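Enquirer: I have a structure here, written as structure tokens, and I will follow up with some questions on it.
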There are 4 protein chains.
Amino acid sequence: MCSDTILSSIKDTALVEKRRNQIIAGALKLFKQKGFHRTTTREIAKESGFSIGTLYEYIRTKEDVLFLVYEAINDHVYKHLEKAIDTKEPSIDNLISIIDSYYRLMDEMQDEVIILYQEVKSLETDVKEAVLQKERDMVLMIKKAMEMCVSGELADEEIELVANNIFVQGQMWGFRRWMLHRTFTIDKYIELQTTFMLQALRVEKN
Amino acid sequence: MCSDTILSSIKDTALVEKRRNQIIAGALKLFKQKGFHRTTTREIAKESGFSIGTLYEYIRTKEDVLFLVYEAINDHVYKHLEKAIDTKEPSIDNLISIIDSYYRLMDEMQDEVIILYQEVKSLETDVKEAVLQKERDMVLMIKKAMEMCVSGELADEEIELVANNIFVQGQMWGFRRWMLHRTFTIDKYIELQTTFMLQALRVEKN
Amino acid sequence: MCSDTILSSIKDTALVEKRRNQIIAGALKLFKQKGFHRTTTREIAKESGFSIGTLYEYIRTKEDVLFLVYEAINDHVYKHLEKAIDTKEPSIDNLISIIDSYYRLMDEMQDEVIILYQEVKSLETDVKEAVLQKERDMVLMIKKAMEMCVSGELADEEIELVANNIFVQGQMWGFRRWMLHRTFTIDKYIELQTTFMLQALRVEKN
Amino acid sequence: MCSDTILSSIKDTALVEKRRNQIIAGALKLFKQKGFHRTTTREIAKESGFSIGTLYEYIRTKEDVLFLVYEAINDHVYKHLEKAIDTKEPSIDNLISIIDSYYRLMDEMQDEVIILYQEVKSLETDVKEAVLQKERDMVLMIKKAMEMCVSGELADEEIELVANNIFVQGQMWGFRRWMLHRTFTIDKYIELQTTFMLQALRVEKN
DNA sequence: CATGAATGAGGGTTCATTCAT
DNA sequence: TATGAATGAACCCTCATTCAT
């Protein structure tokens, strides 16, 4: 669970994990309020509950914090999806319920998604690749879940694109809230997007 | 065309427009490369072809540059859409061609879209509102174009959401290129998204 | 009248005088409000009624403006004193009336005196010397006026110091207004300072 | 002693006091040479013996430095006066000796007084008020010392004005040195001003 | 003689990072 | 391990001055 991409000068791995969770919680709160660039490392240290010196025992650069936060956000969504998919037999109803639970998670994680979209560019390439790979994995998970309820008549590409659309539309509920929340409730949004998805997959609700 | 939201100490409005276009071009190039926060005002001045002092004759703060760039990007897309829609009789084929031209524009403007997504939060609220309003207007334009080719059986909300999805999916072609360009060509992407759209609108290609 | 200490690139001396009076009026107004350092040359030009380019046809540096203003202030006081003294026969009553008229002038010129005190240091030495010389001249004028009503029993130094005190106390009425205006009216202030002066000079009112 | 009007990000108050004394000493030296506006924060830091970053750990703005310096100067004079007055029984001879010690202090603090006069306007109102209040307090101390050696025949206002004159004349010894030092030695200056004071207070030396 | 656009040195301030304690 | 004082490169922005028109 604890990222080993980021080096720490502390040996005690349990402590590293504990401190990093504090960092993630503190930084996340601040990033939501003011974004990555407007948040200082001093603020992160304070919000995390320790000194600036201690902060730098567990990270090397400010960007490391960004990665830690990204990883945590992505991880959270990933696990949620994984659990939703694994615990259900493949069926259209279950697909619908997976989508529903994913969208509701996105509703809760609106601010996190905004962070995700805003500063990916700030990451160095190798670290960025790790973040993006996780996103790819999630789309593929949704795709797999779809494949299992869909007759073979659809091309692989088609399913992949539907999966991608669903994934993105979930994120957009938060990112474009200034537009969407005027017209839709989360329930209505889920209902309509689900309908469109089923049409695209050419299946029907039972 | 020339933004009067941003004050300048130069009186010659033609010159202001000319210089601002230089600023937009210079800043856009740099923002594409390194993002807003990592670009300095000196770099913007240099890239625009004049001194830092001159830059500040045409803007008041660095954020003004961001707004200028946003406005230019949004304006460009807006005018493109407007032209595409206005010159065509309402028909399904024409709707398809509008979408096609919009997606191809998005293909050309991949980097611009990334900028759009990354720094909106950095804008002050009133200026931000102006930017978002333009986006709303664009979605509504697409919605109108759809309404005209669709029988009355669809709810207003449904059309709005389809319009919103189309708009966002166009932006995502650039923003999620690391994912989408692996599997799709721009042609294929347009073809599939168009198909999904027609299904959602419950119409058929002629 | 027109300062030839400050060079101008304009030949027409009448115009130079006219423009410099505009500059003095504009700059004085601004210096009263915000002091020398916080006033920009652009503001001076604008307040004077012409462009920054034109301003620099009549001065060489911003400091020249300061000198012009100083000179004008000092000149005004000097002429006022000169007139008050020259038109009166030497007598104690007339000395009293000279002091009275000087103090009332200082009452009107409170803001000017503050400027005088605040930025002398900013002047270059030769220009500063000119300003200070004028002040010395004024003290000496007062001293002369005193000498004429005083019997020979007082030392030269004594009279000079009384003259100096009178001169300074006039300036202090404006400079230390935050202290003096609480307790005194200008009339009371003049009355008391005059009494002290007469005691020091060991003369009595008729 | 250490000003708590100015915030610091350093927790160790003893260190704050030490560093602020360094700042005051460094800034004072520079302000004497070139005035507040012509002194840069970098110069202050260097003269104080640390880096610009460190300087800003102990102040928030350049103006804070000005306040620190003012406070230090005023404090020094205040304490000097307080000590001179408190240690002496009320008597004319002692009043004379208080004035003497105050004038000699002013002789030592000539440059400091010039600073005091030149930049008060630059201070923000609340901070300025604190500085002026201290001056009022000092005048009142002198006034009190006078009241004790003077028979009841003098009006309260008269004593206050004499006290004010004495205070100002002390400052002027340094401020108008270009004029006064030509004619007077400090001893002569004190002797004459003291004589005038006694006359104004209508008392005689024993 | 008047204009005002252009210049760029230099100003105040911030903040990621280090390292002695 | 934890601390927090110290550092200085780098940032945004101003403004006195010039000069082509």
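Convention: chains lettered A, B, ... in structure tokens order; per-chain residue numbering from 1; ligands numbered from 1 as shown.
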Identify every residue of chain D that has at least one atom within 9 Å of any atom of chain E, counting only C-alpha atoms (C1' of nucleotides), and report the result as a PyMOL selection string.

Expert: chain D and resi 40-41+53+56+60-62

Enquirer: May I have the residues within 10 Å of Ile190 (chain B) as a list in words, using only C-alpha atoms (C1' of nucleotides) and disregarding those fewer than 5 positions away in the same chain?

Expert: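 Near Ile190 (chain B), the qualifying residues are Ile96, Ile99, Asp100, Ser101, Tyr102, Tyr103, Arg104, Gln169, Gly170, Trp173, Phe184, Thr185, Thr195 and Phe196 of chain B.
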
Enquirer: If chain B is fitted onto chain D by least squares over all C-alpha atoms, taken pair by pair in sequence order, what do its new coordinates look like as a PDB file with C-alpha atoms, in the first residue's frame?

Expert:
ATOM      1  CA  MET B   1      11.075  45.738  25.397  1.00  0.00           C
ATOM      2  CA  CYS B   2      10.752  43.658  22.256  1.00  0.00           C
ATOM      3  CA  SER B   3       7.973  44.928  20.051  1.00  0.00           C
ATOM      4  CA  ASP B   4       5.073  42.536  19.783  1.00  0.00           C
ATOM      5  CA  THR B   5       3.287  44.816  17.341  1.00  0.00           C
ATOM      6  CA  ILE B   6       5.379  43.256  14.600  1.00  0.00           C
ATOM      7  CA  LEU B   7       4.722  39.587  13.921  1.00  0.00           C
ATOM      8  CA  SER B   8       7.517  37.091  13.380  1.00  0.00           C
ATOM      9  CA  SER B   9       7.394  33.513  12.219  1.00  0.00           C
ATOM     10  CA  ILE B  10      10.138  32.562  14.645  1.00  0.00           C
ATOM     11  CA  LYS B  11       9.020  31.051  17.920  1.00  0.00           C
ATOM     12  CA  ASP B  12      12.082  31.588  20.100  1.00  0.00           C
ATOM     13  CA  THR B  13      11.378  35.031  21.542  1.00  0.00           C
ATOM     14  CA  ALA B  14      14.898  35.531  22.833  1.00  0.00           C
ATOM     15  CA  LEU B  15      16.185  34.941  19.341  1.00  0.00           C
ATOM     16  CA  VAL B  16      13.581  37.274  17.902  1.00  0.00           C
ATOM     17  CA  GLU B  17      14.786  39.997  20.236  1.00  0.00           C
ATOM     18  CA  LYS B  18      18.413  39.370  19.354  1.00  0.00           C
ATOM     19  CA  ARG B  19      17.798  39.341  15.613  1.00  0.00           C
ATOM     20  CA  ARG B  20      15.588  42.406  15.781  1.00  0.00           C
ATOM     21  CA  ASN B  21      18.335  44.279  17.554  1.00  0.00           C
ATOM     22  CA  GLN B  22      20.640  43.311  14.708  1.00  0.00           C
ATOM     23  CA  ILE B  23      18.045  44.537  12.242  1.00  0.00           C
ATOM     24  CA  ILE B  24      17.639  47.809  14.101  1.00  0.00           C
ATOM     25  CA  ALA B  25      21.374  48.388  14.234  1.00  0.00           C
ATOM     26  CA  GLY B  26      21.849  47.524  10.571  1.00  0.00           C
ATOM     27  CA  ALA B  27      18.883  49.484   9.328  1.00  0.00           C
ATOM     28  CA  LEU B  28      19.681  52.496  11.487  1.00  0.00           C
ATOM     29  CA  LYS B  29      23.151  52.715  10.002  1.00  0.00           C
ATOM     30  CA  LEU B  30      21.775  52.559   6.472  1.00  0.00           C
ATOM     31  CA  PHE B  31      18.872  54.920   7.099  1.00  0.00           C
ATOM     32  CA  LYS B  32      21.337  57.472   8.459  1.00  0.00           C
ATOM     33  CA  GLN B  33      23.337  57.221   5.260  1.00  0.00           C
ATOM     34  CA  LYS B  34      20.649  57.118   2.617  1.00  0.00           C
ATOM     35  CA  GLY B  35      17.234  57.363   4.186  1.00  0.00           C
ATOM     36  CA  PHE B  36      14.488  54.772   4.306  1.00  0.00           C
ATOM     37  CA  HIS B  37      13.383  54.814   0.694  1.00  0.00           C
ATOM     38  CA  ARG B  38      16.853  54.572  -0.768  1.00  0.00           C
ATOM     39  CA  THR B  39      17.756  51.629   1.435  1.00  0.00           C
ATOM     40  CA  THR B  40      16.810  48.194   0.091  1.00  0.00           C
ATOM     41  CA  THR B  41      15.737  45.214   2.145  1.00  0.00           C
ATOM     42  CA  ARG B  42      18.691  43.251   0.816  1.00  0.00           C
ATOM     43  CA  GLU B  43      21.041  45.904   2.151  1.00  0.00           C
ATOM     44  CA  ILE B  44      19.339  45.781   5.513  1.00  0.00           C
ATOM     45  CA  ALA B  45      19.688  42.004   5.601  1.00  0.00           C
ATOM     46  CA  LYS B  46      23.343  42.162   4.660  1.00  0.00           C
ATOM     47  CA  GLU B  47      24.153  44.888   7.143  1.00  0.00           C
ATOM     48  CA  SER B  48      22.290  42.966   9.827  1.00  0.00           C
ATOM     49  CA  GLY B  49      24.486  39.989   9.128  1.00  0.00           C
ATOM     50  CA  PHE B  50      22.074  37.530   7.566  1.00  0.00           C
ATOM     51  CA  SER B  51      20.293  36.658   4.378  1.00  0.00           C
ATOM     52  CA  ILE B  52      17.220  38.291   2.917  1.00  0.00           C
ATOM     53  CA  GLY B  53      15.235  35.187   3.722  1.00  0.00           C
ATOM     54  CA  THR B  54      16.196  35.358   7.349  1.00  0.00           C
ATOM     55  CA  LEU B  55      15.310  39.039   7.517  1.00  0.00           C
ATOM     56  CA  TYR B  56      11.802  38.195   6.434  1.00  0.00           C
ATOM     57  CA  GLU B  57      11.497  35.593   9.175  1.00  0.00           C
ATOM     58  CA  TYR B  58      11.552  38.460  11.649  1.00  0.00           C
ATOM     59  CA  ILE B  59       9.508  41.083   9.871  1.00  0.00           C
ATOM     60  CA  ARG B  60       6.700  41.037   7.363  1.00  0.00           C
ATOM     61  CA  THR B  61       7.299  44.189   5.380  1.00  0.00           C
ATOM     62  CA  LYS B  62       9.997  46.766   4.926  1.00  0.00           C
ATOM     63  CA  GLU B  63       7.838  49.185   6.828  1.00  0.00           C
ATOM     64  CA  ASP B  64       8.081  46.958   9.858  1.00  0.00           C
ATOM     65  CA  VAL B  65      11.789  47.748   9.901  1.00  0.00           C
ATOM     66  CA  LEU B  66      10.997  51.440   9.911  1.00  0.00           C
ATOM     67  CA  PHE B  67       8.718  50.976  12.867  1.00  0.00           C
ATOM     68  CA  LEU B  68      11.298  48.905  14.714  1.00  0.00           C
ATOM     69  CA  VAL B  69      13.859  51.645  14.207  1.00  0.00           C
ATOM     70  CA  TYR B  70      11.462  54.385  15.271  1.00  0.00           C
ATOM     71  CA  GLU B  71      10.461  52.487  18.335  1.00  0.00           C
ATOM     72  CA  ALA B  72      14.068  51.905  19.272  1.00  0.00           C
ATOM     73  CA  ILE B  73      15.005  55.552  18.859  1.00  0.00           C
ATOM     74  CA  ASN B  74      12.002  56.818  20.751  1.00  0.00           C
ATOM     75  CA  ASP B  75      12.477  54.227  23.454  1.00  0.00           C
ATOM     76  CA  HIS B  76      16.047  55.207  23.935  1.00  0.00           C
ATOM     77  CA  VAL B  77      15.229  58.861  24.412  1.00  0.00           C
ATOM     78  CA  TYR B  78      12.228  58.033  26.559  1.00  0.00           C
ATOM     79  CA  LYS B  79      14.238  55.881  28.945  1.00  0.00           C
ATOM     80  CA  HIS B  80      16.991  58.441  29.126  1.00  0.00           C
ATOM     81  CA  LEU B  81      14.539  61.171  30.042  1.00  0.00           C
ATOM     82  CA  GLU B  82      12.708  58.955  32.479  1.00  0.00           C
ATOM     83  CA  LYS B  83      15.893  58.093  34.270  1.00  0.00           C
ATOM     84  CA  ALA B  84      17.090  61.686  34.352  1.00  0.00           C
ATOM     85  CA  ILE B  85      13.825  62.880  35.840  1.00  0.00           C
ATOM     86  CA  ASP B  86      13.186  60.044  38.263  1.00  0.00           C
ATOM     87  CA  THR B  87      16.540  60.183  39.933  1.00  0.00           C
ATOM     88  CA  LYS B  88      16.308  63.842  40.840  1.00  0.00           C
ATOM     89  CA  GLU B  89      14.377  65.803  43.428  1.00  0.00           C
ATOM     90  CA  PRO B  90      12.299  68.560  41.880  1.00  0.00           C
ATOM     91  CA  SER B  91      14.327  71.763  41.908  1.00  0.00           C
ATOM     92  CA  ILE B  92      15.379  74.338  39.415  1.00  0.00           C
ATOM     93  CA  ASP B  93      18.935  73.134  39.382  1.00  0.00           C
ATOM     94  CA  ASN B  94      17.760  69.670  38.708  1.00  0.00           C
ATOM     95  CA  LEU B  95      15.434  70.857  35.953  1.00  0.00           C
ATOM     96  CA  ILE B  96      18.417  72.562  34.367  1.00  0.00           C
ATOM     97  CA  SER B  97      20.419  69.406  34.629  1.00  0.00           C
ATOM     98  CA  ILE B  98      17.616  67.346  33.105  1.00  0.00           C
ATOM     99  CA  ILE B  99      17.471  69.661  30.132  1.00  0.00           C
ATOM    100  CA  ASP B 100      21.229  69.575  29.865  1.00  0.00           C
ATOM    101  CA  SER B 101      21.321  65.809  29.747  1.00  0.00           C
ATOM    102  CA  TYR B 102      18.500  65.697  27.210  1.00  0.00           C
ATOM    103  CA  TYR B 103      20.225  68.183  24.912  1.00  0.00           C
ATOM    104  CA  ARG B 104      23.483  66.267  25.129  1.00  0.00           C
ATOM    105  CA  LEU B 105      21.645  63.112  24.206  1.00  0.00           C
ATOM    106  CA  MET B 106      20.172  64.906  21.226  1.00  0.00           C
ATOM    107  CA  ASP B 107      23.678  65.956  20.285  1.00  0.00           C
ATOM    108  CA  GLU B 108      24.672  62.315  20.166  1.00  0.00           C
ATOM    109  CA  MET B 109      21.542  61.276  18.321  1.00  0.00           C
ATOM    110  CA  GLN B 110      21.566  63.849  15.546  1.00  0.00           C
ATOM    111  CA  ASP B 111      21.220  61.352  12.732  1.00  0.00           C
ATOM    112  CA  GLU B 112      18.523  59.406  14.516  1.00  0.00           C
ATOM    113  CA  VAL B 113      16.440  62.551  14.876  1.00  0.00           C
ATOM    114  CA  ILE B 114      16.731  63.230  11.176  1.00  0.00           C
ATOM    115  CA  ILE B 115      15.334  59.788  10.448  1.00  0.00           C
ATOM    116  CA  LEU B 116      12.535  60.433  12.906  1.00  0.00           C
ATOM    117  CA  TYR B 117      11.528  63.593  11.078  1.00  0.00           C
ATOM    118  CA  GLN B 118      11.809  62.306   7.582  1.00  0.00           C
ATOM    119  CA  GLU B 119       9.716  59.208   7.272  1.00  0.00           C
ATOM    120  CA  VAL B 120       6.909  59.358   9.820  1.00  0.00           C
ATOM    121  CA  LYS B 121       4.527  59.918   6.982  1.00  0.00           C
ATOM    122  CA  SER B 122       5.533  56.552   5.526  1.00  0.00           C
ATOM    123  CA  LEU B 123       4.099  54.701   8.503  1.00  0.00           C
ATOM    124  CA  GLU B 124       0.616  53.287   8.484  1.00  0.00           C
ATOM    125  CA  THR B 125      -1.742  55.147  10.733  1.00  0.00           C
ATOM    126  CA  ASP B 126      -1.963  52.768  13.673  1.00  0.00           C
ATOM    127  CA  VAL B 127       1.755  52.273  13.856  1.00  0.00           C
ATOM    128  CA  LYS B 128       2.301  55.987  13.389  1.00  0.00           C
ATOM    129  CA  GLU B 129      -0.031  56.738  16.263  1.00  0.00           C
ATOM    130  CA  ALA B 130       2.077  54.558  18.557  1.00  0.00           C
ATOM    131  CA  VAL B 131       5.176  56.529  17.620  1.00  0.00           C
ATOM    132  CA  LEU B 132       3.530  59.900  18.102  1.00  0.00           C
ATOM    133  CA  GLN B 133       2.040  58.872  21.435  1.00  0.00           C
ATOM    134  CA  LYS B 134       5.516  58.178  22.729  1.00  0.00           C
ATOM    135  CA  GLU B 135       6.543  61.686  21.751  1.00  0.00           C
ATOM    136  CA  ARG B 136       3.544  63.147  23.513  1.00  0.00           C
ATOM    137  CA  ASP B 137       4.503  61.172  26.593  1.00  0.00           C
ATOM    138  CA  MET B 138       7.979  62.611  26.526  1.00  0.00           C
ATOM    139  CA  VAL B 139       6.782  66.178  26.265  1.00  0.00           C
ATOM    140  CA  LEU B 140       4.454  65.504  29.167  1.00  0.00           C
ATOM    141  CA  MET B 141       7.314  64.152  31.235  1.00  0.00           C
ATOM    142  CA  ILE B 142       9.260  67.332  30.688  1.00  0.00           C
ATOM    143  CA  LYS B 143       6.152  69.328  31.478  1.00  0.00           C
ATOM    144  CA  LYS B 144       5.707  67.493  34.780  1.00  0.00           C
ATOM    145  CA  ALA B 145       9.301  68.112  35.705  1.00  0.00           C
ATOM    146  CA  MET B 146       8.751  71.815  35.072  1.00  0.00           C
ATOM    147  CA  GLU B 147       5.519  72.018  36.999  1.00  0.00           C
ATOM    148  CA  MET B 148       7.282  70.909  40.104  1.00  0.00           C
ATOM    149  CA  CYS B 149       9.740  73.782  40.117  1.00  0.00           C
ATOM    150  CA  VAL B 150       7.364  76.500  39.125  1.00  0.00           C
ATOM    151  CA  SER B 151       5.058  78.536  41.291  1.00  0.00           C
ATOM    152  CA  GLY B 152       1.397  78.349  40.422  1.00  0.00           C
ATOM    153  CA  GLU B 153       1.310  81.638  38.576  1.00  0.00           C
ATOM    154  CA  LEU B 154       1.863  80.029  35.174  1.00  0.00           C
ATOM    155  CA  ALA B 155      -1.016  78.683  33.143  1.00  0.00           C
ATOM    156  CA  ASP B 156      -0.963  74.998  32.306  1.00  0.00           C
ATOM    157  CA  GLU B 157      -0.803  75.828  28.626  1.00  0.00           C
ATOM    158  CA  GLU B 158       2.230  77.985  29.109  1.00  0.00           C
ATOM    159  CA  ILE B 159       4.176  75.221  30.769  1.00  0.00           C
ATOM    160  CA  GLU B 160       3.128  72.780  28.109  1.00  0.00           C
ATOM    161  CA  LEU B 161       4.343  75.047  25.371  1.00  0.00           C
ATOM    162  CA  VAL B 162       7.659  75.657  27.074  1.00  0.00           C
ATOM    163  CA  ALA B 163       8.059  71.905  27.454  1.00  0.00           C
ATOM    164  CA  ASN B 164       7.223  71.429  23.802  1.00  0.00           C
ATOM    165  CA  ASN B 165       9.680  74.112  22.764  1.00  0.00           C
ATOM    166  CA  ILE B 166      12.467  72.580  24.801  1.00  0.00           C
ATOM    167  CA  PHE B 167      11.755  69.183  23.302  1.00  0.00           C
ATOM    168  CA  VAL B 168      11.739  70.481  19.769  1.00  0.00           C
ATOM    169  CA  GLN B 169      14.773  72.693  20.210  1.00  0.00           C
ATOM    170  CA  GLY B 170      16.664  69.658  21.355  1.00  0.00           C
ATOM    171  CA  GLN B 171      15.725  67.847  18.165  1.00  0.00           C
ATOM    172  CA  MET B 172      16.525  70.895  16.064  1.00  0.00           C
ATOM    173  CA  TRP B 173      20.105  71.015  17.301  1.00  0.00           C
ATOM    174  CA  GLY B 174      20.686  67.996  15.088  1.00  0.00           C
ATOM    175  CA  PHE B 175      18.161  68.647  12.399  1.00  0.00           C
ATOM    176  CA  ARG B 176      19.302  72.198  11.745  1.00  0.00           C
ATOM    177  CA  ARG B 177      22.945  71.593  12.379  1.00  0.00           C
ATOM    178  CA  TRP B 178      23.860  73.164   9.021  1.00  0.00           C
ATOM    179  CA  MET B 179      22.583  76.415  10.521  1.00  0.00           C
ATOM    180  CA  LEU B 180      23.170  76.159  14.257  1.00  0.00           C
ATOM    181  CA  HIS B 181      26.592  74.566  14.379  1.00  0.00           C
ATOM    182  CA  ARG B 182      28.017  77.553  12.532  1.00  0.00           C
ATOM    183  CA  THR B 183      27.238  79.918  15.348  1.00  0.00           C
ATOM    184  CA  PHE B 184      26.953  77.775  18.464  1.00  0.00           C
ATOM    185  CA  THR B 185      28.760  75.107  20.339  1.00  0.00           C
ATOM    186  CA  ILE B 186      26.516  72.582  22.049  1.00  0.00           C
ATOM    187  CA  ASP B 187      27.450  74.180  25.384  1.00  0.00           C
ATOM    188  CA  LYS B 188      26.454  77.622  24.278  1.00  0.00           C
ATOM    189  CA  TYR B 189      23.269  76.315  22.709  1.00  0.00           C
ATOM    190  CA  ILE B 190      22.246  74.615  25.930  1.00  0.00           C
ATOM    191  CA  GLU B 191      23.152  77.627  28.014  1.00  0.00           C
ATOM    192  CA  LEU B 192      21.084  80.032  25.952  1.00  0.00           C
ATOM    193  CA  GLN B 193      18.076  77.797  25.484  1.00  0.00           C
ATOM    194  CA  THR B 194      18.108  77.130  29.225  1.00  0.00           C
ATOM    195  CA  THR B 195      18.152  80.819  29.950  1.00  0.00           C
ATOM    196  CA  PHE B 196      15.205  81.407  27.627  1.00  0.00           C
ATOM    197  CA  MET B 197      13.351  78.579  29.282  1.00  0.00           C
ATOM    198  CA  LEU B 198      13.862  79.962  32.763  1.00  0.00           C
ATOM    199  CA  GLN B 199      12.665  83.355  31.618  1.00  0.00           C
ATOM    200  CA  ALA B 200       9.579  81.819  30.111  1.00  0.00           C
ATOM    201  CA  LEU B 201       8.936  79.906  33.312  1.00  0.00           C
ATOM    202  CA  ARG B 202       9.662  83.097  35.279  1.00  0.00           C
ATOM    203  CA  VAL B 203      12.090  81.426  37.616  1.00  0.00           C
ATOM    204  CA  GLU B 204      15.711  82.177  38.382  1.00  0.00           C
ATOM    205  CA  LYS B 205      18.741  80.022  38.711  1.00  0.00           C
ATOM    206  CA  ASN B 206      19.909  79.725  42.298  1.00  0.00           C
TER     207      ASN B 206
END

Enquirer: Using only C-alpha atoms (C1' of nucleotides), find the residues of chain F whose closest atom to chain A is at most 10 Å away, then write them as a ChimeraX atom specification.

Expert: /F:1-4

Enquirer: Name the residues of region 42-178 of chain B that fall into helix (DSSP H, G or I) according to DSSP on the backbone, using the chain letters and numbers of this document, as number ranges by chain.

Expert: B: 42-48, 52-58, 62-86, 92-108, 110-122, 125-147, 156-175, 177-178
